[in-house]
Structure formats: structure tokens, C-alpha cells
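Chemist: Next comes the structure file my_file.cif, holding mmCIF, C-alpha atoms.
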```cif
data_final
loop_
_atom_site.group_PDB
_atom_site.id
_atom_site.type_symbol
_atom_site.label_atom_id
_atom_site.label_comp_id
_atom_site.auth_asym_id
_atom_site.auth_seq_id
_atom_site.Cartn_x
_atom_site.Cartn_y
_atom_site.Cartn_z
ATOM 1 C CA MET A 1 109.193 76.332 88.301
ATOM 2 C CA ALA A 2 107.959 75.177 91.731
ATOM 3 C CA TRP A 3 106.806 77.800 94.222
ATOM 4 C CA PRO A 4 109.891 79.130 96.079
ATOM 5 C CA LYS A 5 110.143 78.933 99.853
ATOM 6 C CA PRO A 6 110.846 82.469 101.129
ATOM 7 C CA LEU A 7 114.034 83.015 103.114
ATOM 8 C CA HIS A 8 112.176 84.091 106.268
ATOM 9 C CA TYR A 9 109.232 81.695 105.976
ATOM 10 C CA ASP A 10 107.105 81.470 109.113
ATOM 11 C CA ALA A 11 104.092 79.129 108.999
ATOM 12 C CA SER A 12 102.518 80.923 111.972
ATOM 13 C CA HIS A 13 101.747 83.862 109.670
ATOM 14 C CA TYR A 14 99.124 81.683 107.995
ATOM 15 C CA GLU A 15 97.302 80.297 111.053
ATOM 16 C CA LEU A 16 94.162 82.264 110.276
ATOM 17 C CA LEU A 17 94.314 81.039 106.684
ATOM 18 C CA LEU A 18 94.505 77.475 108.022
ATOM 19 C CA GLU A 19 91.390 78.042 110.152
ATOM 20 C CA TYR A 20 89.633 79.424 107.081
ATOM 21 C CA ILE A 21 90.562 76.308 105.088
ATOM 22 C CA GLN A 22 89.514 73.993 107.910
ATOM 23 C CA ALA A 23 86.143 75.748 108.077
ATOM 24 C CA HIS A 24 85.692 75.010 104.357
ATOM 25 C CA PRO A 25 86.908 71.411 103.821
ATOM 26 C CA ALA A 26 86.265 71.538 100.081
ATOM 27 C CA MET A 27 88.459 74.640 99.643
ATOM 28 C CA THR A 28 90.250 74.778 96.282
ATOM 29 C CA PHE A 29 93.291 76.694 95.068
ATOM 30 C CA THR A 30 91.194 78.465 92.440
ATOM 31 C CA ARG A 31 88.897 79.757 95.192
ATOM 32 C CA LEU A 32 91.849 81.271 97.064
ATOM 33 C CA VAL A 33 93.351 82.881 93.955
ATOM 34 C CA HIS A 34 91.903 84.122 90.686
ATOM 35 C CA LEU A 35 93.389 82.549 87.566
ATOM 36 C CA ALA A 36 92.841 83.935 84.078
ATOM 37 C CA PRO A 37 94.261 82.317 80.925
ATOM 38 C CA LEU A 38 96.994 84.044 78.927
ATOM 39 C CA PRO A 39 98.545 83.104 75.569
ATOM 40 C CA ASN A 40 101.107 80.280 75.308
ATOM 41 C CA GLY A 41 99.604 78.169 78.074
ATOM 42 C CA LYS A 42 100.291 80.698 80.834
ATOM 43 C CA TRP A 43 97.969 82.120 83.475
ATOM 44 C CA ASP A 44 97.529 85.425 85.271
ATOM 45 C CA LEU A 45 97.227 85.008 89.049
ATOM 46 C CA ASN A 46 95.344 87.611 91.076
ATOM 47 C CA ALA A 47 93.869 87.983 94.551
ATOM 48 C CA SER A 48 90.433 86.559 95.258
ATOM 49 C CA GLY A 49 88.396 86.798 98.437
ATOM 50 C CA PRO A 50 89.265 87.600 102.061
ATOM 51 C CA PHE A 51 92.291 85.257 102.105
ATOM 52 C CA SER A 52 94.546 85.435 99.109
ATOM 53 C CA ILE A 53 97.825 86.904 97.873
ATOM 54 C CA ASP A 54 97.001 90.412 99.161
ATOM 55 C CA LEU A 55 98.980 91.374 102.269
ATOM 56 C CA ILE A 56 95.995 93.176 103.772
ATOM 57 C CA GLY A 57 97.082 96.364 105.556
ATOM 58 C CA GLY A 58 100.733 95.927 104.585
ATOM 59 C CA ASN A 59 100.552 98.908 102.221
ATOM 60 C CA LYS A 60 98.978 101.367 104.655
ATOM 61 C CA LYS A 61 102.084 103.481 105.320
ATOM 62 C CA TYR A 62 103.597 103.134 101.836
ATOM 63 C CA PRO A 63 102.608 106.528 100.325
ATOM 64 C CA ALA A 64 104.501 108.562 102.956
ATOM 65 C CA GLU A 65 107.443 106.212 103.503
ATOM 66 C CA THR A 66 111.078 106.806 102.551
ATOM 67 C CA TYR A 67 112.620 104.806 99.722
ATOM 68 C CA ALA A 68 114.308 102.488 102.217
ATOM 69 C CA GLU A 69 111.025 101.915 104.054
ATOM 70 C CA ARG A 70 109.277 101.273 100.763
ATOM 71 C CA ASP A 71 111.916 98.676 99.861
ATOM 72 C CA ARG A 72 111.188 96.884 103.131
ATOM 73 C CA ALA A 73 107.451 97.048 102.411
ATOM 74 C CA LEU A 74 107.984 95.527 98.974
ATOM 75 C CA ALA A 75 110.129 92.769 100.488
ATOM 76 C CA SER A 76 107.453 91.982 103.067
ATOM 77 C CA HIS A 77 104.839 91.660 100.330
ATOM 78 C CA LYS A 78 107.056 89.265 98.408
ATOM 79 C CA GLU A 79 107.717 87.219 101.564
ATOM 80 C CA TYR A 80 103.999 87.029 102.333
ATOM 81 C CA GLU A 81 102.974 86.028 98.808
ATOM 82 C CA GLN A 82 105.673 83.391 98.389
ATOM 83 C CA GLY A 83 104.918 82.078 101.880
ATOM 84 C CA PHE A 84 101.197 81.934 101.101
ATOM 85 C CA LEU A 85 101.808 79.763 98.036
ATOM 86 C CA TRP A 86 104.423 77.612 99.802
ATOM 87 C CA PHE A 87 102.094 77.083 102.769
ATOM 88 C CA LEU A 88 99.259 75.859 100.549
ATOM 89 C CA ALA A 89 101.512 73.467 98.665
ATOM 90 C CA HIS A 90 103.565 72.057 101.577
ATOM 91 C CA ASP A 91 102.064 72.483 105.030
ATOM 92 C CA PRO A 92 100.945 69.010 106.253
ATOM 93 C CA ARG A 93 97.900 70.522 107.975
ATOM 94 C CA VAL A 94 96.497 71.620 104.619
ATOM 95 C CA PRO A 95 94.177 68.964 103.133
ATOM 96 C CA GLN A 96 96.011 66.790 100.621
ATOM 97 C CA PRO A 97 93.746 67.643 97.644
ATOM 98 C CA LEU A 98 94.394 71.350 98.173
ATOM 99 C CA ARG A 99 98.131 70.765 98.614
ATOM 100 C CA ASP A 100 98.219 68.749 95.404
ATOM 101 C CA GLU A 101 96.288 71.387 93.483
ATOM 102 C CA ALA A 102 98.448 74.266 94.760
ATOM 103 C CA GLY A 103 101.604 72.285 94.012
ATOM 104 C CA SER A 104 100.472 71.591 90.461
ATOM 105 C CA TRP A 105 100.912 75.290 89.694
ATOM 106 C CA GLY A 106 104.146 77.250 89.607
ATOM 107 C CA MET A 107 106.124 80.024 87.954
ATOM 108 C CA ALA A 108 106.936 80.217 84.247
ATOM 109 C CA LYS A 109 110.526 79.186 83.497
ATOM 110 C CA ASP A 110 110.877 81.721 80.687
ATOM 111 C CA GLU A 111 109.547 84.742 82.611
ATOM 112 C CA TRP A 112 111.589 87.149 84.796
ATOM 113 C CA GLN A 113 114.720 85.053 84.495
ATOM 114 C CA ASP A 114 116.871 87.797 86.030
ATOM 115 C CA SER A 115 114.713 88.067 89.185
ATOM 116 C CA GLY A 116 114.291 84.449 90.207
ATOM 117 C CA HIS A 117 111.261 83.999 87.927
ATOM 118 C CA TRP A 118 109.325 86.276 90.285
ATOM 119 C CA PRO A 119 107.841 89.541 88.919
ATOM 120 C CA ALA A 120 110.369 92.351 89.190
ATOM 121 C CA GLN A 121 107.777 94.993 90.132
ATOM 122 C CA ILE A 122 104.806 95.167 92.444
ATOM 123 C CA TYR A 123 101.516 96.553 91.183
ATOM 124 C CA ILE A 124 100.725 99.890 92.821
ATOM 125 C CA ARG A 125 97.157 100.802 91.986
ATOM 126 C CA GLU A 126 97.107 104.084 93.919
ATOM 127 C CA SER A 127 99.352 106.160 96.146
ATOM 128 C CA ARG A 128 99.701 109.914 96.559
ATOM 129 C CA ARG A 129 97.363 111.915 94.340
ATOM 130 C CA MET A 130 96.969 115.575 93.514
ATOM 131 C CA ILE A 131 94.077 117.590 94.935
ATOM 132 C CA GLY A 132 93.417 119.526 91.766
ATOM 133 C CA ALA A 133 90.956 121.963 90.296
ATOM 134 C CA TYR A 134 88.294 119.217 90.330
ATOM 135 C CA VAL A 135 88.194 116.089 92.504
ATOM 136 C CA MET A 136 86.415 113.155 90.871
ATOM 137 C CA THR A 137 84.285 111.066 93.239
ATOM 138 C CA GLN A 138 81.867 108.138 93.069
ATOM 139 C CA LYS A 139 79.107 110.532 92.009
ATOM 140 C CA ASP A 140 81.047 111.432 88.852
ATOM 141 C CA ILE A 141 81.323 107.734 87.999
ATOM 142 C CA LEU A 142 77.708 106.687 88.594
ATOM 143 C CA GLU A 143 75.564 109.830 88.315
ATOM 144 C CA ASP A 144 77.096 113.081 86.995
ATOM 145 C CA LYS A 145 78.798 111.415 84.061
ATOM 146 C CA THR A 146 79.098 114.335 81.612
ATOM 147 C CA LYS A 147 81.648 117.161 81.872
ATOM 148 C CA PRO A 148 81.945 120.378 79.842
ATOM 149 C CA ASP A 149 85.724 119.860 79.569
ATOM 150 C CA SER A 150 85.824 116.106 78.939
ATOM 151 C CA ILE A 151 89.196 114.762 77.757
ATOM 152 C CA GLY A 152 88.309 111.072 77.660
ATOM 153 C CA LEU A 153 86.176 108.231 78.978
ATOM 154 C CA GLY A 154 86.497 105.585 81.671
ATOM 155 C CA SER A 155 84.407 102.429 81.984
ATOM 156 C CA PHE A 156 85.967 99.926 84.404
ATOM 157 C CA VAL A 157 83.956 98.670 87.399
ATOM 158 C CA LEU A 158 84.320 100.188 90.867
ATOM 159 C CA ASP A 159 86.771 97.743 92.389
ATOM 160 C CA SER A 160 88.796 97.896 95.626
ATOM 161 C CA HIS A 161 90.584 95.052 97.380
ATOM 162 C CA TRP A 162 90.277 94.433 101.129
ATOM 163 C CA VAL A 163 91.771 97.247 103.204
ATOM 164 C CA ARG A 164 91.860 96.018 106.812
ATOM 165 C CA ARG A 165 91.640 92.808 108.832
ATOM 166 C CA PHE A 166 90.639 93.117 112.495
ATOM 167 C CA GLU A 167 89.081 91.280 115.430
ATOM 168 C CA ASP A 168 85.579 92.367 116.419
ATOM 169 C CA GLN A 169 84.177 92.589 119.943
ATOM 170 C CA GLU A 170 83.013 88.969 119.810
ATOM 171 C CA GLY A 171 86.445 87.681 118.841
ATOM 172 C CA PHE A 172 85.706 87.035 115.175
ATOM 173 C CA ALA A 173 88.187 87.956 112.435
ATOM 174 C CA LYS A 174 86.678 90.485 110.052
ATOM 175 C CA VAL A 175 87.806 92.203 106.881
ATOM 176 C CA GLU A 176 86.577 95.466 105.411
ATOM 177 C CA GLY A 177 87.183 97.786 102.496
ATOM 178 C CA ASN A 178 86.304 95.436 99.659
ATOM 179 C CA LEU A 179 84.341 97.080 96.863
ATOM 180 C CA ASP A 180 83.134 95.243 93.785
ATOM 181 C CA GLU A 181 80.392 97.291 92.210
ATOM 182 C CA SER A 182 80.002 95.229 89.051
ATOM 183 C CA ILE A 183 77.956 97.769 87.133
ATOM 184 C CA ASP A 184 78.537 97.410 83.399
ATOM 185 C CA LEU A 185 80.055 100.842 82.909
ATOM 186 C CA SER A 186 81.138 99.867 79.390
ATOM 187 C CA LYS A 187 77.567 100.618 78.330
ATOM 188 C CA HIS A 188 77.436 103.798 80.418
ATOM 189 C CA PRO A 189 80.973 105.244 80.559
ATOM 190 C CA TYR A 190 81.814 108.428 82.428
ATOM 191 C CA GLU A 191 83.647 111.517 81.202
ATOM 192 C CA ILE A 192 86.866 112.712 82.837
ATOM 193 C CA PRO A 193 87.292 116.501 83.046
ATOM 194 C CA TYR A 194 90.460 118.367 82.144
ATOM 195 C CA ARG A 195 90.235 120.062 85.554
ATOM 196 C CA ALA A 196 91.079 116.745 87.241
ATOM 197 C CA ILE A 197 94.593 116.674 85.764
ATOM 198 C CA VAL A 198 95.581 120.285 86.561
ATOM 199 C CA PRO A 199 96.384 121.925 89.933
ATOM 200 C CA LYS A 200 94.044 124.378 91.564
ATOM 201 C CA PRO A 201 94.184 127.901 90.070
ATOM 202 C CA GLY A 202 96.938 129.871 91.744
ATOM 203 C CA GLU A 203 99.094 126.804 92.339
ATOM 204 C CA ALA A 204 101.606 125.300 89.876
ATOM 205 C CA GLU A 205 100.939 126.731 86.423
ATOM 206 C CA ASN A 206 103.024 124.301 84.355
ATOM 207 C CA LEU A 207 102.005 120.926 85.815
ATOM 208 C CA LEU A 208 99.759 118.276 84.236
ATOM 209 C CA VAL A 209 99.051 115.030 86.141
ATOM 210 C CA PRO A 210 97.410 112.282 84.043
ATOM 211 C CA VAL A 211 98.174 109.340 86.399
ATOM 212 C CA CYS A 212 98.129 110.634 90.003
ATOM 213 C CA LEU A 213 95.189 112.791 89.066
ATOM 214 C CA SER A 214 92.655 114.426 91.359
ATOM 215 C CA ALA A 215 90.275 111.641 92.396
ATOM 216 C CA SER A 216 88.905 110.033 95.548
ATOM 217 C CA HIS A 217 89.792 106.459 96.511
ATOM 218 C CA VAL A 218 86.500 105.131 95.126
ATOM 219 C CA ALA A 219 86.746 107.028 91.837
ATOM 220 C CA MET A 220 90.375 105.952 91.447
ATOM 221 C CA CYS A 221 89.235 102.319 91.626
ATOM 222 C CA THR A 222 87.927 102.635 88.062
ATOM 223 C CA ILE A 223 90.011 105.480 86.597
ATOM 224 C CA ARG A 224 93.286 103.609 87.322
ATOM 225 C CA MET A 225 93.181 101.426 84.202
ATOM 226 C CA GLU A 226 96.150 101.694 81.811
ATOM 227 C CA PRO A 227 94.051 102.525 78.708
ATOM 228 C CA VAL A 228 92.593 105.480 80.630
ATOM 229 C CA TYR A 229 96.100 106.618 81.586
ATOM 230 C CA MET A 230 97.020 106.508 77.880
ATOM 231 C CA ILE A 231 93.973 108.632 77.044
ATOM 232 C CA LEU A 232 94.798 111.150 79.778
ATOM 233 C CA GLY A 233 98.466 111.160 78.783
ATOM 234 C CA GLU A 234 97.617 112.183 75.236
ATOM 235 C CA ALA A 235 95.304 114.894 76.577
ATOM 236 C CA ALA A 236 98.070 116.187 78.851
ATOM 237 C CA GLY A 237 100.504 116.338 75.944
ATOM 238 C CA GLN A 238 98.048 118.228 73.766
ATOM 239 C CA ALA A 239 97.234 120.595 76.647
ATOM 240 C CA ALA A 240 100.946 121.293 77.212
ATOM 241 C CA LEU A 241 101.275 122.247 73.544
ATOM 242 C CA LEU A 242 98.326 124.641 73.761
ATOM 243 C CA ALA A 243 99.695 126.223 76.953
ATOM 244 C CA LEU A 244 103.096 126.783 75.331
ATOM 245 C CA GLN A 245 101.598 128.216 72.163
ATOM 246 C CA ALA A 246 99.338 130.610 74.086
ATOM 247 C CA LYS A 247 101.975 131.355 76.747
ATOM 248 C CA THR A 248 99.344 130.758 79.419
ATOM 249 C CA PRO A 249 99.039 128.702 82.627
ATOM 250 C CA VAL A 250 97.696 125.185 82.070
ATOM 251 C CA GLN A 251 94.557 126.168 83.990
ATOM 252 C CA GLN A 252 93.738 128.867 81.429
ATOM 253 C CA ILE A 253 94.066 127.069 78.098
ATOM 254 C CA ASP A 254 91.148 126.981 75.680
ATOM 255 C CA THR A 255 89.558 123.678 76.711
ATOM 256 C CA ARG A 256 87.248 123.753 73.690
ATOM 257 C CA ALA A 257 90.322 123.844 71.430
ATOM 258 C CA LEU A 258 91.801 120.965 73.430
ATOM 259 C CA MET A 259 88.642 118.878 73.000
ATOM 260 C CA GLN A 260 88.523 119.617 69.284
ATOM 261 C CA ALA A 261 92.160 118.611 68.851
ATOM 262 C CA LEU A 262 91.639 115.341 70.724
ATOM 263 C CA THR A 263 88.522 114.566 68.685
ATOM 264 C CA ALA A 264 90.386 115.320 65.456
ATOM 265 C CA HIS A 265 93.009 112.740 66.475
ATOM 266 C CA GLY A 266 90.325 110.081 66.969
ATOM 267 C CA GLY A 267 89.642 110.657 70.639
ATOM 268 C CA VAL A 268 86.211 109.695 71.988
ATOM 269 C CA LEU A 269 85.208 112.202 74.661
ATOM 270 C CA SER A 270 81.560 111.251 75.114
ATOM 271 C CA ALA A 271 79.389 108.184 74.658
ATOM 272 C CA ASN A 272 76.077 109.961 74.087
ATOM 273 C CA ARG A 273 76.714 113.472 72.784
ATOM 274 C CA GLN A 274 78.651 115.095 69.981
ATOM 275 C CA ILE A 275 81.715 117.132 70.895
ATOM 276 C CA ARG A 276 82.194 120.171 68.658
#
```
Kindly present the structure from the file in C-alpha cells form.
Modeler:
Amino acid sequence: MAWPKPLHYDASHYELLLEYIQAHPAMTFTRLVHLAPLPNGKWDLNASGPFSIDLIGGNKKYPAETYAERDRALASHKEYEQGFLWFLAHDPRVPQPLRDEAGSWGMAKDEWQDSGHWPAQIYIRESRRMIGAYVMTQKDILEDKTKPDSIGLGSFVLDSHWVRRFEDQEGFAKVEGNLDESIDLSKHPYEIPYRAIVPKPGEAENLLVPVCLSASHVAMCTIRMEPVYMILGEAAGQAALLALQAKTPVQQIDTRALMQALTAHGGVLSANRQIR
């Protein structure tokens, strides 16, 4: 399927993108977006670099918005992304080789057939998070990797997309917030403590939060991976069982018993020490 032209398309939204392309005459589509192969001849498209499919800054108010405001934010992201792809493939000011390359790609005919072949959901990597009994930070990812109450491991790189685009004092367009700390954490994974998924003592006593857990923005950049959420979800379920059996707040369960139960089920709680 060819790239769709958004209902409220406005080419002026991409003037800075045009200047970026003109400053790099050999610009290619695969430099503006990241493409990774999938089965059955399909490809996964992701943001790449300071100009791409990210609507930089468009998500800033999202965590505290109403549902109606969030719907408008989602619509604006869709409009921007579709307009970005349409602009590259059709605007006559875009060099012909780049237009041809962008136009050679499109949406899969057999995907999302009930939503115009466009993904039905946006990817939300982080929003509101709990400030719990322990807040994980960059130091826990890179330095203090072991925890006495570990419930699982994480190993993805520290990765944040651009956060803000602005004009500096000299009139240049700048972007900031990008983080791509490509340390191979798979060889040196970090442990996630049980305390990060429970509220502070004295607060809610029957709440476990494996997804919006207690972590800084930088730490969340790596924790946010779906396999880690699965690991933390199993730990939360096992912890809930222990809390019910002992008739105790979630903050007061026997964490050693929790770790032993997870290990007995095949859980890996440490990369370099034995959990007993």
C-alpha cells in the first residue's frame, strides 16, 4: 500500500526537514528511518537520527492529559508521521532519488486491515511511574548492579530518543535528549530489586507495579523491554501469592522465599552469583 496522505497535510511542517535534506544532497530514506527485516518479506520501521518519524516534543504533556487530550495527541503523531512519509515521497523540492526511494516503500496490505493498514496503537515507552521503596537510576544499571532482593535481570542498552528541538542563540536548530549508550549489557546485566515494584512502606499495602515501576528516565530506557516486563510480572504474581498466604503487606513478604520460588521456576536472578 502506498503511503497515505494525511487529511490535514501541511508541507510547511517539514521545512526544517527540507533544509536538512538540502544540506545533505546524498540523503537516503534509510538514513532518515531505521529499517529492520522481519519474516515474510516485511520490514520494521523505526526512528533514526534528528529528523525522522518521531514528533519531537509532541509527547511532553501526554502523561498528565485527559483521555480526550491524549486522543488529540495520538492523532497529531499519526498526522506528523504520515505527512513525513508523504513529504519524502511526493514533495517536488525533495531530490528525485530520495523521492523514488521513499516511494518504493509502503504499508503491508495484509496488516491492520481494520485501521487503514496503519498500526492501531502507538508505542508508549514511558509515562507516569511509581516512586516506590527503591528508585532505580543509571548507577544501578552501570555500577551497582547487584541487589539483595533481585527478582530478575535487564540487559538492554541505555537508549532515549530526542526530547526537544529548539533554536539556539545563534539561530541554529538544535536537538537534545538523545541517549544511545551502546554498552553491551548482555554480558554484564543488572539486577532489578523487588523494592522497585512496591510502594514505599506506609503507602498502599496491596499494590505491585511491574511495568510503571520505580525508575528514573535513564534507567527506564533499558528496563522498558517486554521480556523484562514478563520477568517482573511473574515476580509480582509470586509476591502477591506470598503476601496473601502470610496475610502481610507486600512490603513485608519474605523476599528470600520469593527469590527461591522464582529460581525454582527457572528464573535467573543474577549473572555472576548463586541465589539460594
Chemist: Which residues, named as in the file, does the PyMOL selection byres ((chain A and resi 83) around 8) pick out? Answer as a PyMOL selection string.
Modeler: chain A and resi 5-6+9-11+79-82+84-87
Chemist: Output the residue selection produced by the PyMOL selection byres ((chain A and resi 41-48) around 10) on the file above, formatted as JSON, numbers by chain.
Modeler: {"A": [30, 31, 32, 33, 34, 35, 36, 37, 38, 39, 40, 49, 50, 51, 52, 53, 54, 55, 105, 106, 107, 108, 161, 162]}
Chemist: Given the choices A:Ile231, A:Arg125, A:Gly132, A:Leu17, which gets closest to Glu203 in chain A if the distance is worked out from all atoms listed in the file?
Modeler: A:Gly132
Chemist: Looking at A:Asp159, A:Asp114, A:Asp180, A:Asp91, which one is nearest to Ala219 in chain A, with distances taken over all atoms listed in the file?
Modeler: A:Asp159
Chemist: Just say which residues the PyMOL selection byres ((chain A and resi 179) around 10) picks in this file, as a JSON list (two decimals) with C-alpha atoms, keeping the file's coordinate frame.
Modeler:
```json
[["chain", "number", "residue", "atom", "x", "y", "z"],
["A", 157, "VAL", "CA", 83.96, 98.67, 87.40],
["A", 158, "LEU", "CA", 84.32, 100.19, 90.87],
["A", 159, "ASP", "CA", 86.77, 97.74, 92.39],
["A", 160, "SER", "CA", 88.80, 97.90, 95.63],
["A", 161, "HIS", "CA", 90.58, 95.05, 97.38],
["A", 162, "TRP", "CA", 90.28, 94.43, 101.13],
["A", 163, "VAL", "CA", 91.77, 97.25, 103.20],
["A", 176, "GLU", "CA", 86.58, 95.47, 105.41],
["A", 177, "GLY", "CA", 87.18, 97.79, 102.50],
["A", 178, "ASN", "CA", 86.30, 95.44, 99.66],
["A", 180, "ASP", "CA", 83.13, 95.24, 93.78],
["A", 181, "GLU", "CA", 80.39, 97.29, 92.21],
["A", 182, "SER", "CA", 80.00, 95.23, 89.05],
["A", 218, "VAL", "CA", 86.50, 105.13, 95.13],
["A", 221, "CYS", "CA", 89.24, 102.32, 91.63]]
```
Chemist: One decimal, Å: what's the distance from CA of Leu242 in chain A over to CA of Arg195 in chain A, could you say?
Modeler: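 If I compute the distance from CA of Leu242 in chain A to CA of Arg195 in chain A, I get 15.0 Å.
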Chemist: I'd like to know which of A:Ala215, A:Ala257, A:Met1, A:Leu16 is closest to Lys109 in chain A, using only C-alpha atoms.
Modeler: A:Met1
Chemist: Considering all atoms listed in the file, give me a table of residues in range 226-263 of chain A that are at most 10 Å from range 138-150 of chain A, with the closest atom pair and distance in Å for each, as CSV.
Modeler:
```
residue,atom,partner,partner_atom,distance
A:Ala235,CA,A:Ser150,CA,9.8
A:Asp254,CA,A:Asp149,CA,9.8
A:Thr255,CA,A:Asp149,CA,6.1
A:Arg256,CA,A:Asp149,CA,7.2
A:Leu258,CA,A:Asp149,CA,8.7
A:Met259,CA,A:Ser150,CA,7.1
```
Chemist: Output C-alpha atoms for every residue in that selection, as a tab-separated table (two decimals), in the frame of the given file.
Modeler:
```
chain	number	residue	atom	x	y	z
A	235	ALA	CA	95.30	114.89	76.58
A	254	ASP	CA	91.15	126.98	75.68
A	255	THR	CA	89.56	123.68	76.71
A	256	ARG	CA	87.25	123.75	73.69
A	258	LEU	CA	91.80	120.96	73.43
A	259	MET	CA	88.64	118.88	73.00
```
Chemist: Which residue, A:Pro210, A:Pro201, A:Pro193, A:Gly233, has the smallest gap to Val250 in chain A when you use only C-alpha atoms?
Modeler: A:Pro201
Chemist: Return the single residue from A:Ile275, A:Val198, A:Met27, A:Ala89 that is closest to Thr263 in chain A, with distances computed using all atoms listed in the file.
Modeler: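 Closest candidate: A:Ile275.
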Chemist: One number please: CA of Ile223 in chain A to CA of Arg70 in chain A, in Å, one decimal.
Modeler: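 Spanning CA of Ile223 in chain A to CA of Arg70 in chain A is a straight-line distance of 24.3 Å.
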Chemist: If I take CA of Gly154 in chain A and CA of Pro249 in chain A, how far is one from the other in Å, to one decimal?
Modeler: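 CA of Pro249 in chain A lies at a distance of 26.3 Å from CA of Gly154 in chain A.
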Chemist: Of the candidates A:Gln169, A:Gln121, A:Ser155, A:Gln251, which shows the shortest atom-to-atom distance to Gly202 in chain A, using only C-alpha atoms?
Modeler: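 Nearest candidate to Gly202 in chain A out of A:Gln169, A:Gln121, A:Ser155, A:Gln251: A:Gln251.
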Chemist: Skip range 61-69 of chain A itself and residues of its chain fewer than 5 positions away, then list as a list in words all residues within 12 Å of it, counting only C-alpha atoms.
Modeler: Leu74, Ala75, Ser76, His77, Ile124, Arg125, Glu126, Ser127, Arg128, Arg129 and Cys212 of chain A
Chemist: Hey, could you patch up range 63-83 of chain A with N, CA and C atoms and hand it over as a compact mmCIF listing (two decimals), in the frame of the given file?
Modeler:
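The result, stored in part-v4.txt:
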```txt
# COMPACT_ATOMS: atom_id res chain seq x y z
N PRO A 63 102.53 105.24 101.03
CA PRO A 63 102.61 106.53 100.32
C PRO A 63 103.56 107.54 100.95
N ALA A 64 103.68 107.55 102.28
CA ALA A 64 104.50 108.56 102.96
C ALA A 64 105.85 108.03 103.41
N GLU A 65 106.19 106.80 103.03
CA GLU A 65 107.44 106.21 103.50
C GLU A 65 108.65 106.68 102.69
N THR A 66 109.84 106.54 103.27
CA THR A 66 111.08 106.81 102.55
C THR A 66 111.33 105.68 101.56
N TYR A 67 112.31 105.86 100.69
CA TYR A 67 112.62 104.81 99.72
C TYR A 67 113.07 103.54 100.42
N ALA A 68 113.84 103.66 101.48
CA ALA A 68 114.31 102.49 102.22
C ALA A 68 113.13 101.77 102.87
N GLU A 69 112.21 102.52 103.44
CA GLU A 69 111.02 101.92 104.05
C GLU A 69 110.14 101.26 103.00
N ARG A 70 110.06 101.87 101.84
CA ARG A 70 109.28 101.27 100.76
C ARG A 70 109.91 99.96 100.30
N ASP A 71 111.23 99.92 100.24
CA ASP A 71 111.92 98.68 99.86
C ASP A 71 111.58 97.56 100.84
N ARG A 72 111.54 97.90 102.12
CA ARG A 72 111.19 96.88 103.13
C ARG A 72 109.73 96.45 102.97
N ALA A 73 108.85 97.39 102.63
CA ALA A 73 107.45 97.05 102.41
C ALA A 73 107.30 96.12 101.21
N LEU A 74 108.04 96.38 100.16
CA LEU A 74 107.98 95.53 98.97
C LEU A 74 108.49 94.13 99.31
N ALA A 75 109.57 94.07 100.10
CA ALA A 75 110.13 92.77 100.49
C ALA A 75 109.13 91.99 101.34
N SER A 76 108.42 92.68 102.22
CA SER A 76 107.45 91.98 103.07
C SER A 76 106.29 91.44 102.25
N HIS A 77 105.89 92.16 101.21
CA HIS A 77 104.84 91.66 100.33
C HIS A 77 105.30 90.40 99.60
N LYS A 78 106.51 90.43 99.10
CA LYS A 78 107.06 89.26 98.41
C LYS A 78 107.14 88.07 99.35
N GLU A 79 107.61 88.29 100.57
CA GLU A 79 107.72 87.22 101.56
C GLU A 79 106.34 86.63 101.86
N TYR A 80 105.35 87.51 102.03
CA TYR A 80 104.00 87.03 102.33
C TYR A 80 103.44 86.20 101.18
N GLU A 81 103.56 86.71 99.96
CA GLU A 81 102.97 86.03 98.81
C GLU A 81 103.64 84.68 98.55
N GLN A 82 104.97 84.66 98.59
CA GLN A 82 105.67 83.39 98.39
C GLN A 82 105.35 82.42 99.51
N GLY A 83 105.26 82.93 100.75
CA GLY A 83 104.92 82.08 101.88
C GLY A 83 103.51 81.53 101.79
```
